[in-house]
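S.K.: Sharing upload08.tsv, TSV, C-alpha atoms:
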chain	number	residue	atom	x	y	z
A	1	MET	CA	13.26	7.35	-10.74
A	2	PRO	CA	16.48	6.28	-9.01
A	3	GLU	CA	16.54	3.16	-6.94
A	4	THR	CA	15.28	3.88	-3.46
A	5	GLY	CA	15.82	1.76	-0.41
A	6	GLN	CA	19.51	1.31	-0.85
A	7	ALA	CA	21.99	3.00	1.40
A	8	SER	CA	23.75	5.68	-0.59
A	9	SER	CA	27.49	5.41	-0.74
A	10	GLY	CA	28.62	8.28	-2.96
A	11	SER	CA	26.91	11.19	-1.25
A	12	SER	CA	26.36	14.27	-3.37
A	13	ILE	CA	24.67	16.26	-0.63
A	14	ARG	CA	27.15	17.72	1.82
A	15	ARG	CA	26.03	17.20	5.36
A	16	SER	CA	27.89	17.92	8.55
A	17	THR	CA	26.57	15.07	10.64
A	18	SER	CA	28.34	12.23	8.91
A	19	SER	CA	26.73	8.85	8.90
A	20	SER	CA	29.81	7.26	10.50
A	21	ARG	CA	28.06	7.26	13.88
A	22	ARG	CA	25.87	4.54	12.48
A	23	LYS	CA	25.86	1.26	14.38
A	24	PRO	CA	26.92	-1.78	12.38
A	25	LYS	CA	23.87	-3.57	11.02
A	26	LYS	CA	23.18	-7.12	12.06
A	27	ASN	CA	23.15	-9.62	9.23
A	28	GLN	CA	19.55	-10.78	8.97
A	29	ILE	CA	20.07	-13.35	6.23
A	30	PRO	CA	20.70	-16.41	8.50
A	31	LEU	CA	17.57	-15.53	10.48
A	32	GLY	CA	15.63	-15.10	7.23
A	33	MET	CA	16.78	-18.54	6.02
A	34	LEU	CA	15.63	-20.02	9.32
A	35	VAL	CA	12.19	-18.39	9.01
A	36	VAL	CA	11.81	-19.63	5.41
A	37	ALA	CA	12.78	-23.16	6.53
A	38	LEU	CA	10.26	-22.99	9.39
A	39	MET	CA	7.57	-21.76	7.00
A	40	VAL	CA	8.23	-24.68	4.64
A	41	VAL	CA	8.01	-27.15	7.56
A	42	VAL	CA	4.75	-25.63	8.83
A	43	GLY	CA	3.38	-25.62	5.27
A	44	LEU	CA	4.21	-29.30	4.80
A	45	VAL	CA	2.63	-30.23	8.13
A	46	GLN	CA	-0.52	-28.29	7.21
A	47	ALA	CA	-0.65	-29.77	3.71
A	48	ASN	CA	-0.50	-33.23	5.25
A	49	ARG	CA	-3.57	-32.51	7.37
A	50	GLU	CA	-5.52	-30.75	4.62
A	51	PRO	CA	-4.01	-29.96	1.19
A	52	MET	CA	-5.78	-26.57	0.91
A	53	LEU	CA	-4.35	-25.39	4.25
A	54	GLY	CA	-0.83	-25.80	2.91
A	55	PHE	CA	-1.82	-23.86	-0.20
A	56	TYR	CA	-3.34	-21.01	1.83
A	57	TRP	CA	-0.25	-20.86	4.00
A	58	MET	CA	2.01	-20.63	0.95
A	59	MET	CA	-0.14	-18.01	-0.79
A	60	GLY	CA	-0.29	-15.90	2.39
A	61	GLY	CA	3.48	-15.93	2.71
A	62	ILE	CA	4.04	-15.04	-0.94
A	63	PHE	CA	1.38	-12.32	-0.91
A	64	GLY	CA	2.92	-10.73	2.20
A	65	PHE	CA	6.40	-10.85	0.70
A	66	ILE	CA	5.31	-9.16	-2.52
A	67	LEU	CA	3.25	-6.58	-0.63
A	68	GLN	CA	6.20	-5.62	1.57
A	69	LYS	CA	8.80	-5.56	-1.20
A	70	SER	CA	6.64	-3.59	-3.63
A	71	ARG	CA	5.35	-1.20	-0.93
A	72	PHE	CA	2.01	-1.63	-2.60
A	73	CYS	CA	-0.49	0.31	-0.50
A	74	PHE	CA	-4.21	0.68	-1.17
A	75	THR	CA	-4.37	3.47	1.40
A	76	ALA	CA	-1.69	5.49	-0.38
A	77	SER	CA	-3.46	4.96	-3.70
A	78	MET	CA	-6.47	6.90	-2.44
A	79	ARG	CA	-4.70	9.27	-0.04
A	80	ASP	CA	-1.60	10.49	-1.90
A	81	PRO	CA	-3.55	12.12	-4.75
A	82	CYS	CA	-5.20	14.33	-2.13
A	83	ILE	CA	-2.09	15.05	-0.06
A	84	THR	CA	0.71	15.40	-2.59
A	85	GLY	CA	-1.01	15.00	-5.96
A	86	SER	CA	1.10	11.93	-6.72
A	87	THR	CA	-0.88	9.20	-8.43
A	88	SER	CA	1.87	6.63	-9.05
A	89	VAL	CA	0.42	4.19	-6.49
A	90	THR	CA	-3.12	4.90	-7.73
A	91	ARG	CA	-2.08	3.94	-11.25
A	92	ALA	CA	-0.36	0.79	-9.94
A	93	VAL	CA	-3.62	-0.24	-8.25
A	94	LEU	CA	-5.59	0.46	-11.44
A	95	ILE	CA	-3.19	-1.73	-13.43
A	96	ALA	CA	-3.65	-4.48	-10.81
A	97	PHE	CA	-7.43	-4.14	-11.18
A	98	ALA	CA	-7.14	-4.41	-14.96
A	99	ILE	CA	-5.04	-7.58	-14.71
A	100	THR	CA	-7.37	-9.22	-12.16
A	101	THR	CA	-10.39	-8.28	-14.31
A	102	ILE	CA	-8.97	-10.25	-17.22
A	103	MET	CA	-7.74	-13.18	-15.12
A	104	PHE	CA	-10.90	-13.64	-13.06
A	105	THR	CA	-13.12	-13.34	-16.11
A	106	ALA	CA	-10.99	-16.00	-17.77
A	107	ILE	CA	-11.44	-18.32	-14.78
A	108	LYS	CA	-15.19	-17.70	-14.57
A	109	PHE	CA	-15.70	-17.99	-18.32
A	110	GLY	CA	-13.75	-21.25	-18.29
A	111	TYR	CA	-16.19	-22.75	-15.79
A	112	ALA	CA	-19.26	-21.28	-17.51
A	113	SER	CA	-18.26	-22.55	-20.97
A	114	MET	CA	-17.87	-26.08	-19.59
A	115	GLY	CA	-21.34	-25.84	-18.10
A	116	LEU	CA	-20.01	-25.96	-14.55
A	117	PRO	CA	-21.20	-23.63	-11.73
A	118	VAL	CA	-19.18	-20.39	-11.85
A	119	PRO	CA	-16.92	-20.08	-8.77
A	120	GLY	CA	-16.94	-17.02	-6.54
A	121	MET	CA	-20.54	-16.02	-7.29
A	122	SER	CA	-21.23	-15.59	-3.57
A	123	TYR	CA	-19.15	-12.38	-3.86
A	124	VAL	CA	-21.66	-10.84	-6.24
A	125	THR	CA	-23.47	-8.94	-3.50
A	126	PRO	CA	-26.15	-6.22	-3.64
A	127	ILE	CA	-25.01	-2.62	-4.03
A	128	SER	CA	-26.79	0.21	-2.27
A	129	PHE	CA	-26.02	3.37	-0.32
A	130	ALA	CA	-24.69	0.97	2.35
A	131	THR	CA	-21.78	0.15	0.00
A	132	ALA	CA	-20.89	3.84	-0.32
A	133	ALA	CA	-21.33	4.53	3.40
A	134	GLY	CA	-19.17	1.55	4.29
A	135	GLY	CA	-16.52	2.66	1.80
A	136	ILE	CA	-16.33	6.14	3.31
A	137	LEU	CA	-16.08	4.75	6.87
A	138	PHE	CA	-13.41	2.29	5.81
A	139	GLY	CA	-11.50	5.07	4.00
A	140	ILE	CA	-11.48	7.35	7.05
A	141	GLY	CA	-10.35	4.45	9.23
A	142	MET	CA	-7.54	3.35	6.96
A	143	VAL	CA	-6.04	6.82	6.61
A	144	ILE	CA	-6.03	7.32	10.40
A	145	ALA	CA	-4.68	3.83	11.05
A	146	GLY	CA	-2.03	4.23	8.35
A	147	GLY	CA	-3.05	1.15	6.41
A	148	CYS	CA	-5.91	-0.95	5.14
A	149	ALA	CA	-6.30	-4.59	6.16
A	150	SER	CA	-3.42	-6.03	4.15
A	151	GLY	CA	-1.22	-2.98	4.77
A	152	THR	CA	-1.72	-3.15	8.53
A	153	LEU	CA	-0.87	-6.86	8.61
A	154	MET	CA	2.22	-6.27	6.49
A	155	ARG	CA	3.49	-3.47	8.75
A	156	VAL	CA	2.83	-5.46	11.90
A	157	GLY	CA	5.10	-8.05	10.30
A	158	GLU	CA	7.72	-5.36	9.77
A	159	GLY	CA	7.53	-4.63	13.49
A	160	PHE	CA	5.94	-1.18	13.38
A	161	PHE	CA	4.54	-0.83	16.87
A	162	MET	CA	1.73	1.67	16.31
A	163	GLN	CA	0.07	-0.66	13.85
A	164	ILE	CA	0.00	-3.53	16.33
A	165	LEU	CA	-2.51	-1.25	18.06
A	166	SER	CA	-4.33	-0.79	14.73
A	167	LEU	CA	-4.43	-4.56	14.28
A	168	PHE	CA	-5.88	-5.05	17.76
A	169	PHE	CA	-8.76	-2.63	17.12
A	170	PHE	CA	-9.13	-3.94	13.58
A	171	VAL	CA	-9.84	-7.36	15.14
A	172	VAL	CA	-12.19	-5.83	17.74
A	173	GLY	CA	-14.07	-3.90	15.05
A	174	SER	CA	-14.30	-6.93	12.77
A	175	LEU	CA	-15.74	-9.05	15.59
A	176	VAL	CA	-18.37	-6.41	16.45
A	177	GLY	CA	-19.16	-5.99	12.75
A	178	ALA	CA	-19.48	-9.72	12.20
A	179	ALA	CA	-21.80	-10.04	15.19
A	180	HIS	CA	-24.11	-7.26	13.88
A	181	PHE	CA	-23.85	-8.07	10.20
A	182	GLY	CA	-27.05	-10.08	10.07
A	183	TRP	CA	-29.12	-7.07	11.18
A	184	TRP	CA	-27.55	-4.71	8.62
A	185	LYS	CA	-27.92	-7.28	5.89
A	186	GLU	CA	-31.60	-7.82	6.59
A	187	LYS	CA	-32.46	-4.13	7.05
A	188	PHE	CA	-30.38	-2.46	4.31
A	189	ILE	CA	-28.01	-4.55	2.22
A	190	ILE	CA	-30.44	-7.14	0.90
A	191	HIS	CA	-32.70	-4.49	-0.68
A	192	GLY	CA	-30.06	-3.31	-3.16
A	193	PRO	CA	-29.78	-4.78	-6.65
A	194	SER	CA	-26.90	-7.15	-7.31
A	195	VAL	CA	-25.29	-6.89	-10.71
A	196	PHE	CA	-23.01	-9.39	-12.38
A	197	LEU	CA	-21.65	-7.58	-15.44
A	198	PRO	CA	-21.43	-10.63	-17.76
A	199	ASP	CA	-25.20	-11.09	-17.28
A	200	VAL	CA	-25.75	-7.55	-18.58
A	201	PHE	CA	-23.10	-7.10	-21.29
A	202	GLY	CA	-22.06	-10.67	-22.05
A	203	TRP	CA	-18.62	-12.02	-21.20
A	204	VAL	CA	-16.62	-9.98	-23.72
A	205	GLY	CA	-18.72	-6.87	-23.14
A	206	ALA	CA	-18.19	-7.05	-19.39
A	207	VAL	CA	-14.41	-7.16	-19.77
A	208	VAL	CA	-14.44	-4.33	-22.32
A	209	VAL	CA	-16.71	-2.11	-20.20
A	210	GLN	CA	-14.69	-2.69	-17.04
A	211	LEU	CA	-11.35	-2.11	-18.80
A	212	LEU	CA	-12.72	1.07	-20.38
A	213	ILE	CA	-13.75	2.40	-16.95
A	214	ILE	CA	-10.31	1.53	-15.56
A	215	ALA	CA	-8.64	3.22	-18.56
A	216	CYS	CA	-10.69	6.38	-17.93
A	217	LEU	CA	-9.68	6.38	-14.26
A	218	TYR	CA	-6.05	5.89	-15.29
A	219	LYS	CA	-6.24	8.85	-17.65
A	220	ALA	CA	-7.91	10.89	-14.89
A	221	ALA	CA	-5.06	9.95	-12.52
A	222	VAL	CA	-2.45	11.12	-15.05
A	223	LEU	CA	-4.29	14.41	-15.62
A	224	TRP	CA	-4.72	14.92	-11.88
A	225	GLU	CA	-0.98	14.53	-11.29
A	226	GLU	CA	-0.14	16.86	-14.19
A	227	LYS	CA	-2.46	19.46	-12.72
A	228	LYS	CA	-1.18	19.14	-9.14
A	229	ILE	CA	2.55	18.65	-9.73
A	230	GLY	CA	3.11	19.24	-13.42
A	231	GLY	CA	3.96	16.02	-15.18
A	232	THR	CA	4.38	12.38	-14.28
A	233	GLN	CA	8.07	11.85	-13.92
A	234	ASP	CA	8.12	8.16	-13.22
B	1	MET	CA	23.48	26.77	4.46
B	2	ALA	CA	22.02	25.28	7.61
B	3	GLU	CA	21.14	21.76	8.54
B	4	PHE	CA	17.92	20.73	10.25
B	5	THR	CA	16.66	17.43	11.59
B	6	LEU	CA	13.13	16.14	11.83
B	7	ASP	CA	12.35	13.17	14.05
B	8	CYS	CA	9.47	11.13	12.68
B	9	LEU	CA	10.34	7.83	14.36
B	10	GLY	CA	7.22	5.91	15.26
B	11	GLU	CA	4.98	8.04	13.06
B	12	ALA	CA	2.85	6.27	10.48
B	13	CYS	CA	2.10	7.42	6.96
B	14	PRO	CA	1.23	10.11	6.00
B	15	VAL	CA	2.37	12.05	9.09
B	16	PRO	CA	6.12	12.04	8.21
B	17	LEU	CA	5.39	13.35	4.72
B	18	MET	CA	3.13	16.15	5.96
B	19	LYS	CA	5.64	17.17	8.65
B	20	THR	CA	8.40	17.22	6.04
B	21	GLU	CA	6.27	19.33	3.73
B	22	LYS	CA	5.62	21.89	6.50
B	23	LYS	CA	9.19	21.95	7.75
B	24	LEU	CA	10.72	22.33	4.31
B	25	GLU	CA	8.46	25.26	3.56
B	26	GLY	CA	10.16	27.33	6.29
B	27	LEU	CA	13.70	26.54	5.13
B	28	ALA	CA	15.91	28.66	2.90
B	29	VAL	CA	17.23	27.45	-0.46
B	30	GLY	CA	20.37	25.37	0.06
B	31	ASP	CA	19.37	24.24	3.53
B	32	ILE	CA	19.45	20.55	4.32
B	33	LEU	CA	16.75	18.64	6.14
B	34	ILE	CA	17.38	15.20	7.61
B	35	VAL	CA	14.19	13.28	8.30
B	36	SER	CA	14.41	10.18	10.49
B	37	ILE	CA	11.74	7.61	9.72
B	38	ASP	CA	10.96	4.00	10.55
B	39	HIS	CA	7.76	3.52	8.60
B	40	SER	CA	8.64	1.78	5.36
B	41	CYS	CA	5.90	3.58	3.46
B	42	ALA	CA	7.34	7.01	4.28
B	43	MET	CA	10.63	5.78	2.85
B	44	LYS	CA	8.86	5.67	-0.49
B	45	ASN	CA	6.55	8.66	-0.47
B	46	ILE	CA	8.84	11.31	1.07
B	47	PRO	CA	11.63	10.85	-1.51
B	48	GLU	CA	9.06	10.60	-4.29
B	49	TRP	CA	7.32	13.80	-3.24
B	50	ALA	CA	10.60	15.70	-2.72
B	51	ARG	CA	12.04	14.61	-6.08
B	52	LYS	CA	8.87	15.67	-7.85
B	53	GLN	CA	9.23	19.05	-6.19
B	54	GLY	CA	12.72	19.17	-7.65
B	55	HIS	CA	14.79	18.86	-4.48
B	56	ASN	CA	17.90	16.70	-4.11
B	57	VAL	CA	17.16	13.59	-2.09
B	58	GLU	CA	19.22	10.82	-0.61
B	59	ILE	CA	18.19	7.85	1.48
B	60	ASP	CA	20.40	6.35	4.12
B	61	GLU	CA	19.45	3.13	5.88
B	62	VAL	CA	20.90	3.79	9.32
B	63	ASP	CA	19.64	0.57	10.86
B	64	ASP	CA	17.36	-2.32	9.91
B	65	GLY	CA	14.03	-0.67	9.22
B	66	GLU	CA	15.25	2.81	10.10
B	67	TRP	CA	16.09	5.42	7.50
B	68	GLU	CA	17.32	8.97	7.17
B	69	VAL	CA	16.00	10.91	4.21
B	70	VAL	CA	18.35	13.76	3.38
B	71	ILE	CA	16.73	16.56	1.43
B	72	GLU	CA	18.55	19.55	0.00
B	73	LYS	CA	16.14	22.36	-0.72
B	74	THR	CA	16.80	23.65	-4.22
B	75	LYS	CA	14.03	26.13	-4.76
Output the file's structure in the form of C-alpha cells.

M.R.:
Amino acid sequence: MPETGQASSGSSIRRSTSSSRRKPKKNQIPLGMLVVALMVVVGLVQANREPMLGFYWMMGGIFGFILQKSRFCFTASMRDPCITGSTSVTRAVLIAFAITTIMFTAIKFGYASMGLPVPGMSYVTPISFATAAGGILFGIGMVIAGGCASGTLMRVGEGFFMQILSLFFFVVGSLVGAAHFGWWKEKFIIHGPSVFLPDVFGWVGAVVVQLLIIACLYKAAVLWEEKKIGGTQD
Amino acid sequence: MAEFTLDCLGEACPVPLMKTEKKLEGLAVGDILIVSIDHSCAMKNIPEWARKQGHNVEIDEVDDGEWEVVIEKTK
C-alpha cells in the first residue's frame, strides 16, 4: 500500500480545483521541540518527587505518540470488518495481543519461577454474563463516540473538537460507574468463576492455547476480508 | 467527467467513510470526488477502502490536521 499521510506532489488525477489556493502551513517543529522540552522538565520534576511518577509520565507520552503515529484504533478493529470488510486493523490488534501474551507470560513466569508473588494477579477477575453485557455496552459507546478510551484521549490531543465532548461524558460515565461499582460487583460480578490460564494448562500450555486462539481469529479475519472484498491487498 | 466535493469536516469516524461510500455510489465512472476531512482516522480508512475497491486515490494535506482525499471512480 502506498505511503499515506504525505501531501502528493506529482498528481495523477486531473482535478479542476487546483490545490494552489492552499494556505501556507505553519512550521510546527519549533513548537514541538518546546513541548518535548517541557515534557522532559515536568518528567524530571515528577521523578524527583516520586520515581514512578516520572516513569508513568514518560510511558504515557510515548504510548500517545505511538498511538497517534500508527493510527492504531481498537474501535476500528471491531467496526471496520462490519462496515467495509477491511480487517487490516483487526489483524494488527491480534498481532499486538499475541506479542503481549508472550511478554506478560514471560514476566509472570519470571516471578513465579523465583518463588515471588506473581504481579498483576488483581486483574484476574471473574467472568460472567456481566463481562459480555459490559463489552456490548462499551462497543456501542465507542462506535458512537468515534473512539475507545485511548483513542478518544489521543484525538483530544490532536484537537478534534467533537471528542472533547466524548471525553467529558467519558469522565462523567466513569465517575458514575466507579460510584456504583461496589453494588454491581457484589450482586453479579463476584459470582462468576475467575480463570487464570496457567493454573489450568500450565505456563507453556497457557501460551500455546492463547496463541492458537489468536491464530484462529487471525485466519478468520483474513477469510472475512477475502469474502467481503476479495483478497487482502496489504 | 464531473467533479464533486464532500464536506466531512468535524465528522468523526466512521461517518466520513460511510458518506463517501454513499456519495461515490451515485457517481459515474471517471468522476472525481474530493472529500474534506479533519479526523485523522478517516485519513487512513477512506483511502484504504477506496483503494481496495480499485479506485484511484490521492491524499492532500491542505492544512495541519486537515486533508482532502481525491478519489477517481474507476468502475

S.K.: Work out how far CA of Ser166 in chain A is from CA of Ala145 in chain A, in Å to one decimal.

M.R.: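 Going from CA of Ala145 in chain A over to CA of Ser166 in chain A covers 5.9 Å.
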
S.K.: Between CA of Pro47 in chain B and CA of Val70 in chain B, measure the distance and give it in Å to one decimal.

M.R.: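 Separating CA of Pro47 in chain B from CA of Val70 in chain B is a distance of 8.8 Å.
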
S.K.: Closest to Trp49 in chain B among A:Val208, A:Ile164, A:Ile83, A:Val200, using only C-alpha atoms?

M.R.: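 Looking only at the distances to Trp49 in chain B, the closest residue turns out to be A:Ile83.
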
S.K.: Smallest atom-to-atom distance to chain B: which of A:His191, A:Arg49, A:Arg155, A:Lys108, using all atoms listed in the file?

M.R.: A:Arg155

S.K.: Between CA of Leu24 in chain B and CA of Ile37 in chain B, measure the distance and give it in Å to one decimal.

M.R.: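 Value for the CA of Leu24 in chain B-CA of Ile37 in chain B distance: 15.7 Å.
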
S.K.: How close does chain B get to chain A? List, as JSON lines, each residue of chain B within 10 Å, its nearest atom pair and the distance in Å to one decimal, counting all atoms listed in the file.

M.R.:
{"residue": "B:Met1", "atom": "CA", "partner": "A:Arg15", "partner_atom": "CA", "distance": 9.9}
{"residue": "B:Ala2", "atom": "CA", "partner": "A:Arg15", "partner_atom": "CA", "distance": 9.3}
{"residue": "B:Glu3", "atom": "CA", "partner": "A:Arg15", "partner_atom": "CA", "distance": 7.4}
{"residue": "B:Gly10", "atom": "CA", "partner": "A:Met162", "partner_atom": "CA", "distance": 7.0}
{"residue": "B:Glu11", "atom": "CA", "partner": "A:Met162", "partner_atom": "CA", "distance": 7.9}
{"residue": "B:Ala12", "atom": "CA", "partner": "A:Gly146", "partner_atom": "CA", "distance": 5.7}
{"residue": "B:Cys13", "atom": "CA", "partner": "A:Gly146", "partner_atom": "CA", "distance": 5.4}
{"residue": "B:Pro14", "atom": "CA", "partner": "A:Gly146", "partner_atom": "CA", "distance": 7.1}
{"residue": "B:Val15", "atom": "CA", "partner": "A:Gly146", "partner_atom": "CA", "distance": 9.0}
{"residue": "B:Leu17", "atom": "CA", "partner": "A:Thr84", "partner_atom": "CA", "distance": 8.9}
{"residue": "B:Met18", "atom": "CA", "partner": "A:Ile83", "partner_atom": "CA", "distance": 8.0}
{"residue": "B:Glu21", "atom": "CA", "partner": "A:Thr84", "partner_atom": "CA", "distance": 9.3}
{"residue": "B:Asp31", "atom": "CA", "partner": "A:Arg15", "partner_atom": "CA", "distance": 9.9}
{"residue": "B:Ile32", "atom": "CA", "partner": "A:Arg15", "partner_atom": "CA", "distance": 7.5}
{"residue": "B:Leu33", "atom": "CA", "partner": "A:Arg15", "partner_atom": "CA", "distance": 9.4}
{"residue": "B:Ile34", "atom": "CA", "partner": "A:Arg15", "partner_atom": "CA", "distance": 9.2}
{"residue": "B:Asp38", "atom": "CA", "partner": "A:Phe160", "partner_atom": "CA", "distance": 7.7}
{"residue": "B:His39", "atom": "CA", "partner": "A:Phe160", "partner_atom": "CA", "distance": 6.9}
{"residue": "B:Ser40", "atom": "CA", "partner": "A:Arg71", "partner_atom": "CA", "distance": 7.7}
{"residue": "B:Cys41", "atom": "CA", "partner": "A:Arg71", "partner_atom": "CA", "distance": 6.5}
{"residue": "B:Ala42", "atom": "CA", "partner": "A:Arg71", "partner_atom": "CA", "distance": 9.9}
{"residue": "B:Met43", "atom": "CA", "partner": "A:Gly5", "partner_atom": "CA", "distance": 7.3}
{"residue": "B:Lys44", "atom": "CA", "partner": "A:Thr4", "partner_atom": "CA", "distance": 7.3}
{"residue": "B:Asn45", "atom": "CA", "partner": "A:Asp80", "partner_atom": "CA", "distance": 8.5}
{"residue": "B:Ile46", "atom": "CA", "partner": "A:Thr84", "partner_atom": "CA", "distance": 9.8}
{"residue": "B:Pro47", "atom": "CA", "partner": "A:Thr4", "partner_atom": "CA", "distance": 8.1}
{"residue": "B:Glu48", "atom": "CA", "partner": "A:Met1", "partner_atom": "CA", "distance": 8.4}
{"residue": "B:Trp49", "atom": "CA", "partner": "A:Thr84", "partner_atom": "CA", "distance": 6.8}
{"residue": "B:Ala50", "atom": "CA", "partner": "A:Thr84", "partner_atom": "CA", "distance": 9.9}
{"residue": "B:Arg51", "atom": "CA", "partner": "A:Met1", "partner_atom": "CA", "distance": 8.7}
{"residue": "B:Lys52", "atom": "CA", "partner": "A:Gln233", "partner_atom": "CA", "distance": 7.2}
{"residue": "B:Gln53", "atom": "CA", "partner": "A:Ile229", "partner_atom": "CA", "distance": 7.6}
{"residue": "B:Asn56", "atom": "CA", "partner": "A:Ile13", "partner_atom": "CA", "distance": 7.6}
{"residue": "B:Val57", "atom": "CA", "partner": "A:Ile13", "partner_atom": "CA", "distance": 8.1}
{"residue": "B:Glu58", "atom": "CA", "partner": "A:Ser8", "partner_atom": "CA", "distance": 6.9}
{"residue": "B:Ile59", "atom": "CA", "partner": "A:Ala7", "partner_atom": "CA", "distance": 6.2}
{"residue": "B:Asp60", "atom": "CA", "partner": "A:Ala7", "partner_atom": "CA", "distance": 4.6}
{"residue": "B:Glu61", "atom": "CA", "partner": "A:Ala7", "partner_atom": "CA", "distance": 5.2}
{"residue": "B:Val62", "atom": "CA", "partner": "A:Arg22", "partner_atom": "CA", "distance": 5.9}
{"residue": "B:Asp63", "atom": "CA", "partner": "A:Lys25", "partner_atom": "CA", "distance": 5.9}
{"residue": "B:Asp64", "atom": "CA", "partner": "A:Lys25", "partner_atom": "CA", "distance": 6.7}
{"residue": "B:Gly65", "atom": "CA", "partner": "A:Glu158", "partner_atom": "CA", "distance": 7.9}
{"residue": "B:Trp67", "atom": "CA", "partner": "A:Gly5", "partner_atom": "CA", "distance": 8.7}
{"residue": "B:Glu68", "atom": "CA", "partner": "A:Ala7", "partner_atom": "CA", "distance": 9.5}
{"residue": "B:Val70", "atom": "CA", "partner": "A:Ile13", "partner_atom": "CA", "distance": 7.9}
{"residue": "B:Ile71", "atom": "CA", "partner": "A:Ile13", "partner_atom": "CA", "distance": 8.2}
{"residue": "B:Glu72", "atom": "CA", "partner": "A:Ile13", "partner_atom": "CA", "distance": 7.0}

S.K.: Go ahead and write the residues just picked, C-alpha atoms, as a short mmCIF file (atom, residue, chain, number, x, y, z; two decimals), keeping the file's coordinate frame.

M.R.:
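Full text of selection_7.cif as output:
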data_model
loop_
_atom_site.label_atom_id
_atom_site.label_comp_id
_atom_site.auth_asym_id
_atom_site.auth_seq_id
_atom_site.Cartn_x
_atom_site.Cartn_y
_atom_site.Cartn_z
CA MET B 1 23.48 26.77 4.46
CA ALA B 2 22.02 25.28 7.61
CA GLU B 3 21.14 21.76 8.54
CA GLY B 10 7.22 5.91 15.26
CA GLU B 11 4.98 8.04 13.06
CA ALA B 12 2.85 6.27 10.48
CA CYS B 13 2.10 7.42 6.96
CA PRO B 14 1.23 10.11 6.00
CA VAL B 15 2.37 12.05 9.09
CA LEU B 17 5.39 13.35 4.72
CA MET B 18 3.13 16.15 5.96
CA GLU B 21 6.27 19.33 3.73
CA ASP B 31 19.37 24.24 3.53
CA ILE B 32 19.45 20.55 4.32
CA LEU B 33 16.75 18.64 6.14
CA ILE B 34 17.38 15.20 7.61
CA ASP B 38 10.96 4.00 10.55
CA HIS B 39 7.76 3.52 8.60
CA SER B 40 8.64 1.78 5.36
CA CYS B 41 5.90 3.58 3.46
CA ALA B 42 7.34 7.01 4.28
CA MET B 43 10.63 5.78 2.85
CA LYS B 44 8.86 5.67 -0.49
CA ASN B 45 6.55 8.66 -0.47
CA ILE B 46 8.84 11.31 1.07
CA PRO B 47 11.63 10.85 -1.51
CA GLU B 48 9.06 10.60 -4.29
CA TRP B 49 7.32 13.80 -3.24
CA ALA B 50 10.60 15.70 -2.72
CA ARG B 51 12.04 14.61 -6.08
CA LYS B 52 8.87 15.67 -7.85
CA GLN B 53 9.23 19.05 -6.19
CA ASN B 56 17.90 16.70 -4.11
CA VAL B 57 17.16 13.59 -2.09
CA GLU B 58 19.22 10.82 -0.61
CA ILE B 59 18.19 7.85 1.48
CA ASP B 60 20.40 6.35 4.12
CA GLU B 61 19.45 3.13 5.88
CA VAL B 62 20.90 3.79 9.32
CA ASP B 63 19.64 0.57 10.86
CA ASP B 64 17.36 -2.32 9.91
CA GLY B 65 14.03 -0.67 9.22
CA TRP B 67 16.09 5.42 7.50
CA GLU B 68 17.32 8.97 7.17
CA VAL B 70 18.35 13.76 3.38
CA ILE B 71 16.73 16.56 1.43
CA GLU B 72 18.55 19.55 0.00
#

S.K.: For Met121 in chain A, which residue out of A:Met78, A:Val195, A:Ala220, A:Ala215 is the nearest one, using all atoms listed in the file?

M.R.: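 Closest to Met121 in chain A of all the choices is A:Val195.
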
S.K.: What box, with edges along x, y and z, holds each listed atom of range 43-57 of chain A when 4 Å is added on every side, and can you state its centre and edge lengths in Å to one decimal, as AutoDock Vina command-line options?

M.R.:
--center_x -0.8 --center_y -27.0 --center_z 4.0 --size_x 18.0 --size_y 20.4 --size_z 16.3

S.K.: With all atoms listed in the file as the counted atoms, please give the residues lying no more than 9 Å from Thr74 in chain B, apart from itself and same-chain residues fewer than 6 positions off, as number ranges by chain.

M.R.: B: 28-31, 54-56

S.K.: Using only C-alpha atoms, please write the residues we just selected to a file, as an mmCIF file, keeping the file's coordinate frame.

M.R.:
data_model
loop_
_atom_site.group_PDB
_atom_site.id
_atom_site.type_symbol
_atom_site.label_atom_id
_atom_site.label_comp_id
_atom_site.auth_asym_id
_atom_site.auth_seq_id
_atom_site.Cartn_x
_atom_site.Cartn_y
_atom_site.Cartn_z
ATOM 1 C CA ALA B 28 15.910 28.660 2.900
ATOM 2 C CA VAL B 29 17.230 27.450 -0.460
ATOM 3 C CA GLY B 30 20.370 25.370 0.060
ATOM 4 C CA ASP B 31 19.370 24.240 3.530
ATOM 5 C CA GLY B 54 12.720 19.170 -7.650
ATOM 6 C CA HIS B 55 14.790 18.860 -4.480
ATOM 7 C CA ASN B 56 17.900 16.700 -4.110
#

S.K.: Can you write range 67-73 of chain B from the block above with N, CA and C atoms, as a compact mmCIF listing (two decimals), in the first residue's frame?

M.R.:
# COMPACT_ATOMS: atom_id res chain seq x y z
N TRP B 67 -7.27 17.33 5.66
CA TRP B 67 -6.88 16.66 4.43
C TRP B 67 -7.98 16.68 3.39
N GLU B 68 -7.56 16.56 2.13
CA GLU B 68 -8.51 16.32 1.05
C GLU B 68 -8.16 14.96 0.44
N VAL B 69 -9.14 14.08 0.40
CA VAL B 69 -8.94 12.79 -0.24
C VAL B 69 -9.58 12.89 -1.62
N VAL B 70 -8.76 12.72 -2.66
CA VAL B 70 -9.26 12.83 -4.02
C VAL B 70 -9.45 11.43 -4.57
N ILE B 71 -10.67 11.11 -4.94
CA ILE B 71 -10.96 9.76 -5.43
C ILE B 71 -11.48 9.85 -6.85
N GLU B 72 -10.85 9.09 -7.72
CA GLU B 72 -11.33 8.99 -9.11
C GLU B 72 -12.04 7.65 -9.26
N LYS B 73 -13.31 7.71 -9.56
CA LYS B 73 -14.09 6.48 -9.67
C LYS B 73 -13.68 5.75 -10.95
